[in-house]
>>> print(open('final.txt').read())   # compact mmCIF, C-alpha atoms
# COMPACT_ATOMS: atom_id res chain seq x y z
CA MET A 66 23.37 -13.39 -14.58
CA ASN A 67 23.53 -17.06 -13.85
CA THR A 68 20.59 -19.39 -14.42
CA VAL A 69 20.92 -20.52 -10.82
CA VAL A 70 19.93 -17.02 -9.68
CA ARG A 71 17.53 -15.74 -12.31
CA ARG A 72 15.01 -18.58 -12.28
CA PRO A 73 14.38 -18.47 -8.51
CA VAL A 74 14.12 -14.67 -8.63
CA ALA A 75 11.48 -14.94 -11.36
CA PHE A 76 9.55 -17.56 -9.36
CA VAL A 77 9.70 -15.52 -6.14
CA ALA A 78 8.61 -12.37 -7.98
CA ALA A 79 5.69 -14.27 -9.52
CA ILE A 80 4.58 -15.63 -6.15
CA VAL A 81 4.84 -12.18 -4.56
CA LEU A 82 2.72 -10.65 -7.33
CA PHE A 83 0.11 -13.41 -6.97
CA VAL A 84 -0.13 -12.73 -3.23
CA GLU A 85 -0.25 -8.99 -3.88
CA ALA A 86 -3.09 -9.46 -6.38
CA VAL A 87 -5.17 -11.32 -3.80
CA GLY A 88 -4.40 -8.64 -1.21
CA ILE A 89 -5.39 -5.80 -3.54
CA VAL A 90 -8.73 -7.45 -4.35
CA LEU A 91 -9.42 -8.09 -0.65
CA ILE A 92 -8.56 -4.53 0.38
CA ASN A 93 -10.72 -3.07 -2.38
CA GLY A 94 -13.54 -5.43 -1.44
CA ILE A 95 -13.40 -4.23 2.16
CA LEU A 96 -13.31 -0.60 1.03
CA ALA A 97 -16.24 -1.16 -1.34
CA THR A 98 -18.28 -2.77 1.44
CA VAL A 99 -17.57 0.09 3.83
CA VAL A 100 -18.48 2.69 1.21
CA LYS A 101 -21.69 0.85 0.32
CA ASN A 102 -22.76 0.60 3.97
CA GLN A 103 -22.23 4.28 4.70
CA THR A 104 -25.01 6.83 4.37
CA MET A 105 -22.78 9.76 3.41
CA SER A 106 -21.74 10.78 -0.07
CA LEU A 107 -18.50 12.30 -1.28
CA ALA A 108 -19.10 15.52 -3.23
CA GLY A 109 -22.65 14.38 -4.02
CA MET A 110 -21.64 10.99 -5.47
CA ASP A 111 -23.87 8.01 -4.89
CA PRO A 112 -22.32 5.48 -2.45
CA GLU A 113 -23.43 2.68 -4.78
CA ALA A 114 -21.43 4.19 -7.67
CA MET A 115 -18.37 4.61 -5.45
CA SER A 116 -18.70 1.02 -4.26
CA ASN A 117 -18.99 -0.32 -7.80
CA GLY A 118 -16.01 1.78 -8.89
CA THR A 119 -13.91 0.44 -6.04
CA TRP A 120 -14.82 -3.14 -6.96
CA ALA A 121 -13.97 -2.48 -10.61
CA MET A 122 -10.64 -0.86 -9.74
CA GLY A 123 -9.70 -3.71 -7.40
CA GLY A 124 -10.66 -6.33 -9.94
CA PHE A 125 -8.77 -4.66 -12.77
CA PHE A 126 -5.62 -4.10 -10.73
CA GLY A 127 -5.80 -7.64 -9.33
CA LEU A 128 -6.05 -9.09 -12.84
CA TYR A 129 -3.15 -6.90 -13.96
CA LEU A 130 -0.98 -8.17 -11.10
CA LEU A 131 -1.98 -11.75 -11.93
CA LEU A 132 -0.94 -11.15 -15.56
CA CYS A 133 2.42 -9.78 -14.42
CA GLY A 134 2.91 -12.74 -12.10
CA LEU A 135 2.03 -15.15 -14.89
CA LEU A 136 4.52 -13.48 -17.25
CA LEU A 137 7.26 -13.79 -14.63
CA LEU A 138 6.29 -17.40 -13.94
CA LEU A 139 6.49 -18.24 -17.65
CA ALA A 140 9.88 -16.54 -17.91
CA GLY A 141 11.12 -18.63 -15.00
CA ILE A 142 9.71 -21.90 -16.34
CA ARG A 143 11.03 -21.35 -19.86
CA ASP A 144 14.24 -19.71 -18.61
CA ARG A 145 13.94 -17.20 -21.45
CA ALA A 146 13.64 -13.45 -21.50
CA PRO A 147 10.09 -12.14 -21.73
CA GLY A 148 8.97 -10.93 -25.14
CA ARG A 149 8.45 -7.31 -26.09
CA PHE A 150 4.84 -7.11 -24.89
CA ALA A 151 5.67 -8.89 -21.63
CA ARG A 152 8.63 -6.59 -20.99
CA ILE A 153 6.45 -3.51 -21.52
CA VAL A 154 3.81 -4.87 -19.13
CA LEU A 155 6.45 -5.69 -16.50
CA ILE A 156 8.15 -2.29 -16.86
CA ILE A 157 4.81 -0.56 -16.34
CA CYS A 158 4.25 -2.75 -13.27
CA ALA A 159 7.68 -1.73 -11.93
CA VAL A 160 6.95 1.97 -12.50
CA VAL A 161 3.59 1.66 -10.74
CA HIS A 162 5.29 0.01 -7.77
CA ALA A 163 7.89 2.79 -7.66
CA VAL A 164 5.24 5.53 -7.69
CA LEU A 165 3.03 3.75 -5.15
CA GLY A 166 6.08 3.15 -2.98
CA ALA A 167 6.84 6.85 -2.98
CA LEU A 168 3.24 7.64 -2.03
CA THR A 169 3.08 5.04 0.75
CA VAL A 170 5.91 6.65 2.72
CA GLY A 171 3.71 9.56 3.76
CA LEU A 172 0.37 7.75 3.81
CA VAL A 173 1.16 4.37 5.35
CA GLY A 174 4.75 4.33 6.55
CA TRP A 175 8.22 2.99 5.93
CA THR A 176 7.24 -0.68 6.21
CA ALA A 177 4.83 -0.38 3.31
CA PHE A 178 7.47 1.55 1.36
CA ALA A 179 10.01 -1.20 1.99
CA SER A 180 7.62 -3.90 0.81
CA MET A 181 6.84 -1.96 -2.37
CA MET A 182 10.55 -1.53 -3.03
CA VAL A 183 11.15 -5.26 -2.54
CA VAL A 184 8.54 -6.04 -5.18
CA LEU A 185 10.02 -3.35 -7.46
CA GLY A 186 13.48 -4.84 -6.94
CA LEU A 187 12.30 -8.35 -7.77
CA ILE A 188 10.65 -7.21 -11.01
CA VAL A 189 13.65 -5.13 -12.10
CA LEU A 190 16.12 -7.87 -11.14
CA THR A 191 14.18 -10.37 -13.23
CA LEU A 192 14.11 -8.03 -16.22
CA VAL A 193 17.82 -7.27 -15.94
CA ALA A 194 18.79 -10.89 -15.29
CA TYR A 195 17.14 -12.12 -18.46
CA GLY A 196 18.24 -9.19 -20.62
CA THR A 197 16.83 -9.26 -24.12
CA ARG A 198 15.53 -12.22 -26.02
CA SER A 199 18.17 -14.15 -27.91
CA ASP A 200 15.93 -14.73 -30.93
CA GLU A 201 15.43 -11.00 -31.57
CA PRO A 202 17.62 -9.61 -34.34
CA SER A 203 20.65 -7.69 -33.15
CA ASP A 204 22.20 -4.55 -34.61
CA GLU A 205 25.67 -6.04 -34.39
CA PRO A 206 27.02 -8.31 -37.13
CA ALA A 207 27.06 -11.99 -36.25
CA ASP A 208 30.75 -12.47 -37.16
CA GLY A 209 31.89 -10.07 -34.44
CA ALA A 210 32.93 -7.23 -36.72
CA GLY A 211 32.24 -4.13 -34.66
CA ALA A 212 32.42 -0.45 -35.46
CA GLY A 213 36.24 -0.33 -35.24
CA ALA A 214 36.90 -3.49 -37.26
CA PRO A 215 37.21 -3.41 -41.04
CA ALA A 216 34.30 -4.78 -43.02
CA PRO A 217 34.79 -8.30 -44.39
CA VAL A 218 35.66 -8.52 -48.06
>>> encode(input="final.txt", output="structure tokens")
Amino acid sequence: MNTVVRRPVAFVAAIVLFVEAVGIVLINGILATVVKNQTMSLAGMDPEAMSNGTWAMGGFFGLYLLLCGLLLLLAGIRDRAPGRFARIVLIICAVVHAVLGALTVGLVGWTAFASMMVVLGLIVLTLVAYGTRSDEPSDEPADGAGAGAPAPV
């Protein structure tokens, strides 16, 4: 894919993940506050423990989304494919968005599903656009001799 397309896609994906990270932390903060202010418990759990768990989950997931956004931003700035670790982190992020998108159809609605699929599409498009790193060793010989060509003498 052309550099004209892949850099803006990486930048847009990074911005979307940064905004999503802030949104996740805010939503979990609201949920934690509501749980803390209630006087009921869920299956005998302490509301304070549930509130702290919600804050921890929101903070962890927000930091993870910030990391993914940073990796996409660096890929766009450098105009290079992400490294092995970064690709694994971004693939996991894409899978999480796919699963959450499937769950949001029934729980929230089609608009939430569409937004999750847009984020998934941006991540996957960035990964596909950059392909693999050019400095990683390849299985193919450098002189172009493929499987059907005779070996050089």
>>> closest_atom_pairs(input="final.txt", of="region 69-128 of chain A", to="region 180-188 of chain A", cutoff="8 Å", atoms="all atoms listed in the file", output="tab-separated table")
residue	atom	partner	partner_atom	distance
A:Val74	CA	A:Leu187	CA	6.6
A:Ala75	CA	A:Leu187	CA	7.5
A:Val77	CA	A:Leu187	CA	7.8
A:Ala78	CA	A:Leu187	CA	5.5
A:Val81	CA	A:Val184	CA	7.2
A:Leu82	CA	A:Val184	CA	7.7
>>> write_last_selection(input="final.txt", atoms="C-alpha atoms", output="PDB file, in the coordinates of the input")
ATOM      1  CA  VAL A  74      14.120 -14.670  -8.630  1.00  0.00           C
ATOM      2  CA  ALA A  75      11.480 -14.940 -11.360  1.00  0.00           C
ATOM      3  CA  VAL A  77       9.700 -15.520  -6.140  1.00  0.00           C
ATOM      4  CA  ALA A  78       8.610 -12.370  -7.980  1.00  0.00           C
ATOM      5  CA  VAL A  81       4.840 -12.180  -4.560  1.00  0.00           C
ATOM      6  CA  LEU A  82       2.720 -10.650  -7.330  1.00  0.00           C
TER       7      LEU A  82
END
>>> residues_near_point(input="final.txt", point="(2.0, -3.0, -12.1)", cutoff="12 Å", atoms="only C-alpha atoms", output="PyMOL selection string")
chain A and resi 82-83+85-86+89+125-134+136+151-166+181+184-185+188-189
>>> write_last_selection(input="final.txt", atoms="C-alpha atoms", output="short mmCIF file (atom, residue, chain, number, x, y, z; two decimals), in the frame of the given file")
data_model
loop_
_atom_site.label_atom_id
_atom_site.label_comp_id
_atom_site.auth_asym_id
_atom_site.auth_seq_id
_atom_site.Cartn_x
_atom_site.Cartn_y
_atom_site.Cartn_z
CA LEU A 82 2.72 -10.65 -7.33
CA PHE A 83 0.11 -13.41 -6.97
CA GLU A 85 -0.25 -8.99 -3.88
CA ALA A 86 -3.09 -9.46 -6.38
CA ILE A 89 -5.39 -5.80 -3.54
CA PHE A 125 -8.77 -4.66 -12.77
CA PHE A 126 -5.62 -4.10 -10.73
CA GLY A 127 -5.80 -7.64 -9.33
CA LEU A 128 -6.05 -9.09 -12.84
CA TYR A 129 -3.15 -6.90 -13.96
CA LEU A 130 -0.98 -8.17 -11.10
CA LEU A 131 -1.98 -11.75 -11.93
CA LEU A 132 -0.94 -11.15 -15.56
CA CYS A 133 2.42 -9.78 -14.42
CA GLY A 134 2.91 -12.74 -12.10
CA LEU A 136 4.52 -13.48 -17.25
CA ALA A 151 5.67 -8.89 -21.63
CA ARG A 152 8.63 -6.59 -20.99
CA ILE A 153 6.45 -3.51 -21.52
CA VAL A 154 3.81 -4.87 -19.13
CA LEU A 155 6.45 -5.69 -16.50
CA ILE A 156 8.15 -2.29 -16.86
CA ILE A 157 4.81 -0.56 -16.34
CA CYS A 158 4.25 -2.75 -13.27
CA ALA A 159 7.68 -1.73 -11.93
CA VAL A 160 6.95 1.97 -12.50
CA VAL A 161 3.59 1.66 -10.74
CA HIS A 162 5.29 0.01 -7.77
CA ALA A 163 7.89 2.79 -7.66
CA VAL A 164 5.24 5.53 -7.69
CA LEU A 165 3.03 3.75 -5.15
CA GLY A 166 6.08 3.15 -2.98
CA MET A 181 6.84 -1.96 -2.37
CA VAL A 184 8.54 -6.04 -5.18
CA LEU A 185 10.02 -3.35 -7.46
CA ILE A 188 10.65 -7.21 -11.01
CA VAL A 189 13.65 -5.13 -12.10
#
>>> atom_distance(input="final.txt", atom1="CA of Ala146 (chain A)", atom2="CA of Ala177 (chain A)")
29.4 Å
>>> atom_distance(input="final.txt", atom1="CA of Leu135 (chain A)", atom2="CA of Ala79 (chain A)")
6.6 Å
>>> atom_distance(input="final.txt", atom1="CA of Trp120 (chain A)", atom2="CA of Asn102 (chain A)")
14.0 Å
>>> residues_around(input="final.txt", residues="Arg145 (chain A)", least_positions_apart="2", cutoff="8 Å", atoms="only C-alpha atoms", output="ChimeraX atom specification")
/A:140-141,143,147,195,198
>>> write_last_selection(input="final.txt", atoms="C-alpha atoms", output="compact mmCIF listing (two decimals), in the frame of the given file")
# COMPACT_ATOMS: atom_id res chain seq x y z
CA ALA A 140 9.88 -16.54 -17.91
CA GLY A 141 11.12 -18.63 -15.00
CA ARG A 143 11.03 -21.35 -19.86
CA PRO A 147 10.09 -12.14 -21.73
CA TYR A 195 17.14 -12.12 -18.46
CA ARG A 198 15.53 -12.22 -26.02
>>> build_atoms(input="final.txt", residues="region 149-163 of chain A", atoms="N, CA and C atoms", output="PDB file, in the coordinates of the input")
ATOM      1  N   ARG A 149       8.593  -8.764 -26.101  1.00  0.00           N
ATOM      2  CA  ARG A 149       8.450  -7.310 -26.090  1.00  0.00           C
ATOM      3  C   ARG A 149       7.215  -6.856 -25.310  1.00  0.00           C
ATOM      4  N   PHE A 150       6.067  -7.468 -25.594  1.00  0.00           N
ATOM      5  CA  PHE A 150       4.840  -7.110 -24.890  1.00  0.00           C
ATOM      6  C   PHE A 150       4.969  -7.370 -23.391  1.00  0.00           C
ATOM      7  N   ALA A 151       5.513  -8.534 -23.044  1.00  0.00           N
ATOM      8  CA  ALA A 151       5.670  -8.890 -21.630  1.00  0.00           C
ATOM      9  C   ALA A 151       6.621  -7.929 -20.931  1.00  0.00           C
ATOM     10  N   ARG A 152       7.693  -7.535 -21.593  1.00  0.00           N
ATOM     11  CA  ARG A 152       8.630  -6.590 -20.990  1.00  0.00           C
ATOM     12  C   ARG A 152       7.968  -5.240 -20.746  1.00  0.00           C
ATOM     13  N   ILE A 153       7.149  -4.790 -21.694  1.00  0.00           N
ATOM     14  CA  ILE A 153       6.450  -3.510 -21.520  1.00  0.00           C
ATOM     15  C   ILE A 153       5.489  -3.603 -20.335  1.00  0.00           C
ATOM     16  N   VAL A 154       4.744  -4.689 -20.241  1.00  0.00           N
ATOM     17  CA  VAL A 154       3.810  -4.870 -19.130  1.00  0.00           C
ATOM     18  C   VAL A 154       4.552  -4.897 -17.800  1.00  0.00           C
ATOM     19  N   LEU A 155       5.689  -5.587 -17.747  1.00  0.00           N
ATOM     20  CA  LEU A 155       6.450  -5.690 -16.500  1.00  0.00           C
ATOM     21  C   LEU A 155       7.125  -4.359 -16.148  1.00  0.00           C
ATOM     22  N   ILE A 156       7.568  -3.608 -17.131  1.00  0.00           N
ATOM     23  CA  ILE A 156       8.150  -2.290 -16.860  1.00  0.00           C
ATOM     24  C   ILE A 156       7.095  -1.349 -16.304  1.00  0.00           C
ATOM     25  N   ILE A 157       5.895  -1.390 -16.872  1.00  0.00           N
ATOM     26  CA  ILE A 157       4.810  -0.560 -16.340  1.00  0.00           C
ATOM     27  C   ILE A 157       4.493  -0.970 -14.904  1.00  0.00           C
ATOM     28  N   CYS A 158       4.496  -2.260 -14.632  1.00  0.00           N
ATOM     29  CA  CYS A 158       4.250  -2.750 -13.270  1.00  0.00           C
ATOM     30  C   CYS A 158       5.339  -2.239 -12.314  1.00  0.00           C
ATOM     31  N   ALA A 159       6.583  -2.236 -12.762  1.00  0.00           N
ATOM     32  CA  ALA A 159       7.680  -1.730 -11.930  1.00  0.00           C
ATOM     33  C   ALA A 159       7.524  -0.237 -11.662  1.00  0.00           C
ATOM     34  N   VAL A 160       7.140   0.526 -12.676  1.00  0.00           N
ATOM     35  CA  VAL A 160       6.950   1.970 -12.500  1.00  0.00           C
ATOM     36  C   VAL A 160       5.799   2.239 -11.535  1.00  0.00           C
ATOM     37  N   VAL A 161       4.724   1.488 -11.660  1.00  0.00           N
ATOM     38  CA  VAL A 161       3.590   1.660 -10.740  1.00  0.00           C
ATOM     39  C   VAL A 161       4.013   1.362  -9.307  1.00  0.00           C
ATOM     40  N   HIS A 162       4.814   0.313  -9.114  1.00  0.00           N
ATOM     41  CA  HIS A 162       5.290   0.010  -7.770  1.00  0.00           C
ATOM     42  C   HIS A 162       6.203   1.104  -7.231  1.00  0.00           C
ATOM     43  N   ALA A 163       7.014   1.703  -8.104  1.00  0.00           N
ATOM     44  CA  ALA A 163       7.890   2.790  -7.660  1.00  0.00           C
ATOM     45  C   ALA A 163       7.067   4.006  -7.223  1.00  0.00           C
TER      46      ALA A 163
END
